[in-house]
file work.cif (mmCIF, C-alpha atoms)
data_target
#
loop_
_atom_site.label_atom_id
_atom_site.label_comp_id
_atom_site.auth_asym_id
_atom_site.auth_seq_id
_atom_site.Cartn_x
_atom_site.Cartn_y
_atom_site.Cartn_z
CA MET A 1 0.00 0.00 0.00
CA ARG A 2 1.20 3.47 -0.84
CA ILE A 3 0.10 6.66 0.93
CA SER A 4 0.02 9.50 -1.61
CA ALA A 5 1.46 12.94 -0.89
CA ARG A 6 -2.12 14.23 -1.14
CA ALA A 7 -3.30 11.85 1.61
CA ASP A 8 -0.27 12.60 3.79
CA TYR A 9 -0.80 16.35 3.44
CA ALA A 10 -4.54 16.01 4.12
CA VAL A 11 -3.97 14.04 7.32
CA ARG A 12 -1.31 16.51 8.48
CA ALA A 13 -3.60 19.47 7.75
CA ALA A 14 -6.47 17.77 9.61
CA LEU A 15 -4.17 17.14 12.57
CA GLN A 16 -3.14 20.80 12.57
CA LEU A 17 -6.83 21.75 12.64
CA ALA A 18 -7.49 19.23 15.44
CA HIS A 19 -4.63 20.69 17.46
CA ALA A 20 -5.97 24.23 17.07
CA ARG A 21 -9.69 23.48 17.31
CA ASP A 22 -10.28 25.76 20.31
CA ALA A 23 -8.30 28.64 18.78
CA GLY A 24 -10.79 29.32 15.98
CA PRO A 25 -10.39 28.95 12.23
CA LEU A 26 -6.90 28.56 10.78
CA LYS A 27 -5.86 30.19 7.55
CA ALA A 28 -4.57 27.87 4.84
CA GLU A 29 -1.26 29.74 4.87
CA ALA A 30 -0.80 29.01 8.58
CA ILE A 31 -1.51 25.30 8.06
CA ALA A 32 0.82 25.19 5.05
CA ASP A 33 3.62 26.90 6.98
CA ALA A 34 3.18 24.77 10.11
CA GLN A 35 3.22 21.50 8.17
CA ASP A 36 5.53 22.48 5.29
CA ILE A 37 2.85 21.79 2.68
CA PRO A 38 2.79 23.66 -0.65
CA HIS A 39 0.06 26.30 -0.24
CA LYS A 40 -1.68 25.84 -3.62
CA PHE A 41 -1.75 22.06 -3.18
CA LEU A 42 -3.15 22.50 0.31
CA GLU A 43 -5.96 24.77 -0.96
CA SER A 44 -7.08 22.01 -3.32
CA ILE A 45 -6.92 19.43 -0.51
CA LEU A 46 -8.88 21.66 1.87
CA ASN A 47 -11.56 22.14 -0.80
CA ASP A 48 -11.87 18.35 -1.16
CA MET A 49 -12.09 18.04 2.61
CA ARG A 50 -14.77 20.76 2.70
CA ARG A 51 -16.80 19.03 -0.02
CA GLY A 52 -16.35 15.75 1.88
CA GLY A 53 -17.80 17.28 5.04
CA LEU A 54 -14.62 17.10 7.12
CA VAL A 55 -13.82 20.81 7.32
CA LEU A 56 -15.77 24.04 7.31
CA SER A 57 -14.49 27.24 5.76
CA GLN A 58 -15.21 30.77 6.84
CA ARG A 59 -14.49 33.87 4.76
CA GLY A 60 -13.27 37.20 6.01
CA GLY A 61 -10.53 38.61 8.18
CA ASN A 62 -11.19 36.10 10.95
CA GLY A 63 -11.84 33.35 8.43
CA GLY A 64 -10.08 30.13 7.72
CA TYR A 65 -10.71 26.43 8.16
CA ARG A 66 -11.83 24.31 11.08
CA LEU A 67 -12.92 20.73 11.51
CA ALA A 68 -16.61 20.09 10.85
CA LYS A 69 -16.74 17.48 13.63
CA ALA A 70 -14.88 16.65 16.79
CA PRO A 71 -11.42 15.14 16.13
CA GLU A 72 -12.54 12.04 18.06
CA SER A 73 -15.17 11.35 15.41
CA ILE A 74 -12.92 11.69 12.35
CA SER A 75 -10.77 8.69 11.52
CA ILE A 76 -7.57 8.78 9.54
CA ALA A 77 -9.40 6.61 7.00
CA ASP A 78 -12.12 9.28 6.65
CA VAL A 79 -9.50 11.84 5.64
CA ILE A 80 -7.74 9.54 3.18
CA ARG A 81 -11.00 8.44 1.55
CA VAL A 82 -12.10 12.06 1.00
CA VAL A 83 -8.93 13.03 -0.85
CA ASP A 84 -7.85 9.73 -2.46
CA GLY A 85 -10.88 7.45 -2.64
CA PRO A 86 -10.86 3.81 -1.49
CA LEU A 87 -8.14 2.78 0.95
CA VAL A 88 -7.15 -0.34 -0.98
CA SER A 89 -7.64 -1.01 -4.65
CA VAL A 90 -5.96 -3.28 -7.16
CA ARG A 91 -5.36 -1.61 -10.50
CA GLY A 92 -7.92 1.00 -9.44
CA VAL A 93 -10.59 -1.63 -8.71
CA ARG A 94 -11.97 -2.48 -5.27
CA PRO A 95 -11.14 -6.08 -4.28
CA PRO A 96 -14.75 -7.41 -4.21
CA GLU A 97 -15.14 -6.38 -7.86
CA LEU A 98 -12.19 -8.55 -8.95
CA SER A 99 -12.13 -12.16 -10.05
CA TYR A 100 -9.25 -14.52 -10.66
CA THR A 101 -8.98 -18.04 -12.01
CA GLY A 102 -6.64 -20.96 -11.68
CA PRO A 103 -3.64 -20.61 -9.38
CA ALA A 104 -4.37 -16.88 -8.92
CA GLU A 105 -7.86 -17.58 -7.50
CA SER A 106 -6.71 -17.24 -3.88
CA LEU A 107 -5.43 -13.73 -4.57
CA LEU A 108 -8.94 -12.35 -4.06
CA PRO A 109 -9.24 -13.36 -0.39
CA LEU A 110 -5.68 -12.12 0.14
CA TRP A 111 -6.56 -8.65 -1.24
CA VAL A 112 -9.79 -8.61 0.80
CA ALA A 113 -7.86 -9.54 3.97
CA LEU A 114 -5.31 -6.81 3.24
CA ARG A 115 -8.14 -4.28 2.83
CA ALA A 116 -9.74 -5.48 6.08
CA ASN A 117 -6.47 -4.96 8.00
CA VAL A 118 -5.86 -1.52 6.52
CA ARG A 119 -9.44 -0.54 7.36
CA GLN A 120 -9.11 -1.92 10.88
CA ILE A 121 -6.11 0.26 11.57
CA LEU A 122 -7.04 3.46 9.73
CA ASP A 123 -10.73 3.39 10.72
CA GLY A 124 -9.70 2.64 14.30
CA VAL A 125 -7.45 5.67 14.74
CA SER A 126 -8.98 9.13 15.09
CA LEU A 127 -7.44 12.53 14.56
CA ALA A 128 -7.68 12.98 18.33
CA ASP A 129 -5.66 9.78 18.89
CA VAL A 130 -2.80 10.99 16.70
CA ALA A 131 -2.94 14.62 17.84
CA SER A 132 -2.70 13.51 21.47
CA ALA A 133 0.00 10.90 20.68
CA GLU A 134 -2.21 8.22 22.23
CA LEU A 135 -2.53 5.60 19.54
CA PRO A 136 -4.72 2.55 20.18
CA THR A 137 -2.87 -0.32 21.86
CA ARG A 138 -3.01 -2.56 18.78
CA VAL A 139 -1.47 0.13 16.59
CA SER A 140 1.21 0.97 19.16
CA ALA A 141 2.11 -2.71 19.48
CA LEU A 142 2.58 -3.02 15.71
CA ALA A 143 4.72 0.13 15.62
CA GLU A 144 6.85 -1.04 18.57
CA ASP A 145 7.79 -4.28 16.83
CA PRO A 146 11.34 -3.74 15.49
CA ALA A 147 10.47 -5.74 12.37
CA SER A 148 7.90 -3.07 11.48
CA TRP A 149 10.70 -0.55 11.01
CA THR A 150 12.85 -2.61 8.63
CA ASN A 151 12.48 -2.93 4.89
CA PRO A 152 12.70 -6.51 3.66
#

call {"tool": "encode", "arguments": {"input": "work.cif", "output": "structure tokens"}}
result
Amino acid sequence: MRISARADYAVRAALQLAHARDAGPLKAEAIADAQDIPHKFLESILNDMRRGGLVLSQRGGNGGYRLAKAPESISIADVIRVVDGPLVSVRGVRPPELSYTGPAESLLPLWVALRANVRQILDGVSLADVASAELPTRVSALAEDPASWTNP
């Protein structure tokens, strides 16, 4: 699985908004500067997030962006889906829409299992979890395994 720059930037922007939720709306420039995200790219991402119902925008001198919901109710998967679409696809197709024959037949349950694990992790971690550095135990355990940090 590959996390696109767009998804990475969107999650980082959402985390910046979660961190500042009590401070009022944040300007796109402030988010871009804080997270070292190209401003024009961020504007496009924030528009997708607004259309997806994750952020609200406010015009004017005191305007900017803020989360549309509490950070506890927005998963990392929600953010990625809004900007990139399905979490796991094979050649741009969702696993249940695939079919294989012969010795490749068991690939389908493998892709479905992969999607289930990705969903389990990304749907199970909220913006609040990451912003507070309190990841769920299962996720922390996976990250603490030294093998998780090595590239085979």

call {"tool": "residues_around", "arguments": {"input": "work.cif", "residues": "region 121-136 of chain A", "least_positions_apart": "2", "cutoff": "9 Å", "atoms": "all atoms listed in the file", "output": "number ranges by chain"}}
result
A: 11, 14-16, 18-19, 70-78, 80, 87, 116-119, 138-141

call {"tool": "closest_residue", "arguments": {"input": "work.cif", "among": "A:Gly102, A:Pro25, A:Pro146, A:Pro109", "to": "Asn62 (chain A)", "atoms": "all atoms listed in the file"}}
result
A:Pro25

call {"tool": "atom_distance", "arguments": {"input": "work.cif", "atom1": "CA of Gly85 (chain A)", "atom2": "CA of Leu110 (chain A)"}}
result
20.4 Å

call {"tool": "atom_distance", "arguments": {"input": "work.cif", "atom1": "CA of Pro86 (chain A)", "atom2": "CA of Lys69 (chain A)"}}
result
21.2 Å

call {"tool": "closest_residue", "arguments": {"input": "work.cif", "among": "A:Leu56, A:Leu108, A:Met1, A:Val90", "to": "Lys27 (chain A)", "atoms": "all atoms listed in the file"}}
result
A:Leu56

call {"tool": "axis_aligned_box", "arguments": {"input": "work.cif", "around": "region 80-85 of chain A", "padding_each_side": "3 Å", "output": "lines of an AutoDock Vina configuration file"}}
result
center_x = -9.9
center_y = 10.2
center_z = 0.3
size_x = 10.4
size_y = 11.6
size_z = 11.8

call {"tool": "residues_around", "arguments": {"input": "work.cif", "residues": "Val55 (chain A)", "least_positions_apart": "4", "cutoff": "9 Å", "atoms": "all atoms listed in the file", "output": "PyMOL selection string"}}
result
chain A and resi 14+17+46-47+49-51+65-69

call {"tool": "atom_distance", "arguments": {"input": "work.cif", "atom1": "CA of Asp8 (chain A)", "atom2": "CA of Leu114 (chain A)"}}
result
20.1 Å

call {"tool": "resolve_selection", "arguments": {"input": "work.cif", "expression": "the PyMOL selection byres ((chain A and resi 9) around 12)", "output": "MDAnalysis selection string"}}
result
chainID A and resid 3:8 10:16 31:46 49 76 79:80 83:84

call {"tool": "closest_residue", "arguments": {"input": "work.cif", "among": "A:Glu144, A:Leu26, A:Thr137, A:Val88", "to": "Gln58 (chain A)", "atoms": "only C-alpha atoms"}}
result
A:Leu26
